[in-house]
Amino acid sequence: MNNNLFSWILLILSSLVLLFILAPLAGMFLDTGSSEFMQTVGDKEVQDSIWLTLWVSFAATFVFAFASIPLAWILARKNFPLKQVVQGVIDLPVVLPHTAAGIAVLGFISRDGFLGKTADALGLTLVNNPAGIALAMAFVSVPFLINSARDGFATVPERLEKAALTLGASPSRVFFTISLPLAWRSVMTGFVMMFARGMSEFGAVVIVAYHPTIAPVLIYERFSSFGLKYARPASVLFIIVALAVFILLRLISLKKKEIHLSPDAEA
């Protein structure tokens, strides 16, 4: 009797949480008329903003992965002074207010900032530029990749790496043939989460670059200028596209895992 009651309580609480997530989304989809939605699908401004959001977020994730994955391995394998401080610095962008994050990035990439001065000397402007958008996205999302990859590397048996080193394998070969393949699922999960988090960023990006306009900024602009009815179809389209890309990346990561674990691949 007690077990049944406890199970029912868990089921009810779980259902309420799922309902809380699904109800607003379902309401938004149901309140969007088909004619309004199709008009939005053909709107070039919306198309350009969604495409800009996708490719800039993916580019930021891809570029920062080259340094983030090695850092994750170091955090999983090495003990060094102030390691917890380093971990705290990595997690800091997650807890910062998004507008504060945008102001921090803007100060860094503006013409008075360190990176901004360097870019200006090369004839580049990072503010109101896709490169600046990518940096703002990466600033708030890179902790997801680092932390997920770190947890993945931590699950790799260290004895396998030491055995390979003992047999004469170089550290780089051990990393690319043992550590990274065994932690691949966590690395890909972090990659997907960083991409998704960057793609959804608004607060930091709108301070760094109001134009060119990414989808979250476009949706806010339409809402503030014309109201809910005008912003809703763009929101629905962006959610559909983002969900499709998110599912595709998830399927790719699962496929890679299956290939890695298959007997033929191991042979």
# chains A, B, ... in the order shown; residues from 1 in each chain; ligands from 1
$ residues_around --residues "stretch 57-64 of chain A" --least-positions-apart "4" --cutoff "8 Å" --atoms "only C-alpha atoms" --output "list in words"
Thr53, Ser68, Ala134, Leu135, Met137, Ala138, Val142, Phe191, Met194, Phe195, Ala196, Gly198 and Met199 of chain A
$ closest_atom_pairs --of "stretch 110-206 of chain A" --to "stretch 211-225 of chain A" --cutoff "9 Å" --atoms "only C-alpha atoms" --output "tab-separated table"
residue	atom	partner	partner_atom	distance
A:Asn128	CA	A:His211	CA	5.5
A:Asn129	CA	A:Pro212	CA	6.7
A:Pro130	CA	A:Pro212	CA	7.2
A:Ile133	CA	A:Ile214	CA	8.7
A:Met199	CA	A:Pro216	CA	8.4
A:Ser200	CA	A:Pro216	CA	6.6
A:Glu201	CA	A:Pro216	CA	7.0
A:Phe202	CA	A:Pro216	CA	5.7
A:Gly203	CA	A:Val217	CA	8.7
A:Val205	CA	A:Val217	CA	8.1
A:Val206	CA	A:Val217	CA	6.5
$ write_last_selection --atoms "N, CA and C atoms" --output "PDB file, in the first residue's frame"
ATOM      1  N   ASN A 128      28.745  44.223 -33.452  1.00  0.00           N
ATOM      2  CA  ASN A 128      27.788  44.169 -34.559  1.00  0.00           C
ATOM      3  C   ASN A 128      28.347  43.374 -35.737  1.00  0.00           C
ATOM      4  N   ASN A 129      28.926  42.234 -35.388  1.00  0.00           N
ATOM      5  CA  ASN A 129      29.555  41.362 -36.377  1.00  0.00           C
ATOM      6  C   ASN A 129      29.302  39.911 -35.956  1.00  0.00           C
ATOM      7  N   PRO A 130      29.142  38.988 -36.921  1.00  0.00           N
ATOM      8  CA  PRO A 130      28.943  37.584 -36.533  1.00  0.00           C
ATOM      9  C   PRO A 130      30.036  37.035 -35.617  1.00  0.00           C
ATOM     10  N   ILE A 133      29.086  37.995 -32.186  1.00  0.00           N
ATOM     11  CA  ILE A 133      27.972  37.153 -31.753  1.00  0.00           C
ATOM     12  C   ILE A 133      28.487  35.794 -31.314  1.00  0.00           C
ATOM     13  N   MET A 199      22.802  28.864 -29.258  1.00  0.00           N
ATOM     14  CA  MET A 199      21.741  29.171 -30.216  1.00  0.00           C
ATOM     15  C   MET A 199      20.578  29.909 -29.553  1.00  0.00           C
ATOM     16  N   SER A 200      20.330  29.641 -28.289  1.00  0.00           N
ATOM     17  CA  SER A 200      19.195  30.244 -27.595  1.00  0.00           C
ATOM     18  C   SER A 200      19.546  31.538 -26.863  1.00  0.00           C
ATOM     19  N   GLU A 201      20.813  31.948 -26.899  1.00  0.00           N
ATOM     20  CA  GLU A 201      21.238  33.108 -26.126  1.00  0.00           C
ATOM     21  C   GLU A 201      20.640  34.413 -26.671  1.00  0.00           C
ATOM     22  N   PHE A 202      20.194  35.260 -25.753  1.00  0.00           N
ATOM     23  CA  PHE A 202      19.633  36.555 -26.131  1.00  0.00           C
ATOM     24  C   PHE A 202      20.352  37.702 -25.419  1.00  0.00           C
ATOM     25  N   GLY A 203      20.403  37.653 -24.080  1.00  0.00           N
ATOM     26  CA  GLY A 203      20.879  38.778 -23.294  1.00  0.00           C
ATOM     27  C   GLY A 203      22.282  39.235 -23.644  1.00  0.00           C
ATOM     28  N   VAL A 205      24.025  38.468 -26.410  1.00  0.00           N
ATOM     29  CA  VAL A 205      24.159  38.789 -27.833  1.00  0.00           C
ATOM     30  C   VAL A 205      23.574  40.159 -28.153  1.00  0.00           C
ATOM     31  N   VAL A 206      22.425  40.493 -27.564  1.00  0.00           N
ATOM     32  CA  VAL A 206      21.762  41.744 -27.926  1.00  0.00           C
ATOM     33  C   VAL A 206      22.598  42.955 -27.523  1.00  0.00           C
TER      34      VAL A 206
END
$ residues_around --residues "stretch 231-237 of chain A" --least-positions-apart "2" --cutoff "12 Å" --atoms "only C-alpha atoms" --output "ChimeraX atom specification"
/A:24-51,200,214-229,239-244
$ residues_around --residues "A:Leu71" --least-positions-apart "3" --cutoff "12 Å" --atoms "only C-alpha atoms" --output "list of chain:residue names"
A:Phe64, A:Ala65, A:Phe66, A:Ala67, A:Ser68, A:Ile74, A:Leu75, A:Ala76, A:Arg77, A:Lys78, A:Lys83, A:Val86, A:Gln87, A:Ile90, A:Val142, A:Pro143, A:Leu145, A:Ile146, A:Asn147, A:Ser148, A:Ala149, A:Arg150, A:Asp151, A:Phe153
$ select_by_dssp --residues "stretch 85-119 of chain A" --states "alpha helix (DSSP H)" --output "PyMOL selection string"
chain A and resi 85-95+98-109+114-119
$ write_last_selection --atoms "C-alpha atoms" --output "PDB file, in the first residue's frame"
ATOM      1  CA  VAL A  85      39.475  27.993  -8.585  1.00  0.00           C
ATOM      2  CA  VAL A  86      39.913  27.136 -12.261  1.00  0.00           C
ATOM      3  CA  GLN A  87      36.741  25.041 -12.143  1.00  0.00           C
ATOM      4  CA  GLY A  88      34.920  27.951 -10.507  1.00  0.00           C
ATOM      5  CA  VAL A  89      36.108  30.328 -13.244  1.00  0.00           C
ATOM      6  CA  ILE A  90      34.798  27.897 -15.888  1.00  0.00           C
ATOM      7  CA  ASP A  91      31.380  27.759 -14.212  1.00  0.00           C
ATOM      8  CA  LEU A  92      31.179  31.532 -13.679  1.00  0.00           C
ATOM      9  CA  PRO A  93      29.478  32.394 -17.015  1.00  0.00           C
ATOM     10  CA  VAL A  94      26.622  30.036 -16.111  1.00  0.00           C
ATOM     11  CA  VAL A  95      25.676  32.023 -12.988  1.00  0.00           C
ATOM     12  CA  HIS A  98      23.104  37.378 -19.224  1.00  0.00           C
ATOM     13  CA  THR A  99      23.197  41.143 -19.609  1.00  0.00           C
ATOM     14  CA  ALA A 100      26.260  41.274 -17.354  1.00  0.00           C
ATOM     15  CA  ALA A 101      27.877  38.595 -19.511  1.00  0.00           C
ATOM     16  CA  GLY A 102      27.135  40.691 -22.601  1.00  0.00           C
ATOM     17  CA  ILE A 103      28.651  43.794 -21.032  1.00  0.00           C
ATOM     18  CA  ALA A 104      31.764  41.808 -20.075  1.00  0.00           C
ATOM     19  CA  VAL A 105      32.164  40.488 -23.618  1.00  0.00           C
ATOM     20  CA  LEU A 106      31.471  43.919 -25.112  1.00  0.00           C
ATOM     21  CA  GLY A 107      34.183  45.491 -22.965  1.00  0.00           C
ATOM     22  CA  PHE A 108      36.608  42.815 -24.165  1.00  0.00           C
ATOM     23  CA  ILE A 109      35.859  43.074 -27.902  1.00  0.00           C
ATOM     24  CA  PHE A 114      42.175  44.007 -25.480  1.00  0.00           C
ATOM     25  CA  LEU A 115      40.772  41.795 -28.235  1.00  0.00           C
ATOM     26  CA  GLY A 116      38.985  44.721 -29.852  1.00  0.00           C
ATOM     27  CA  LYS A 117      42.209  46.725 -30.176  1.00  0.00           C
ATOM     28  CA  THR A 118      43.966  43.751 -31.747  1.00  0.00           C
ATOM     29  CA  ALA A 119      41.114  43.188 -34.206  1.00  0.00           C
TER      30      ALA A 119
END
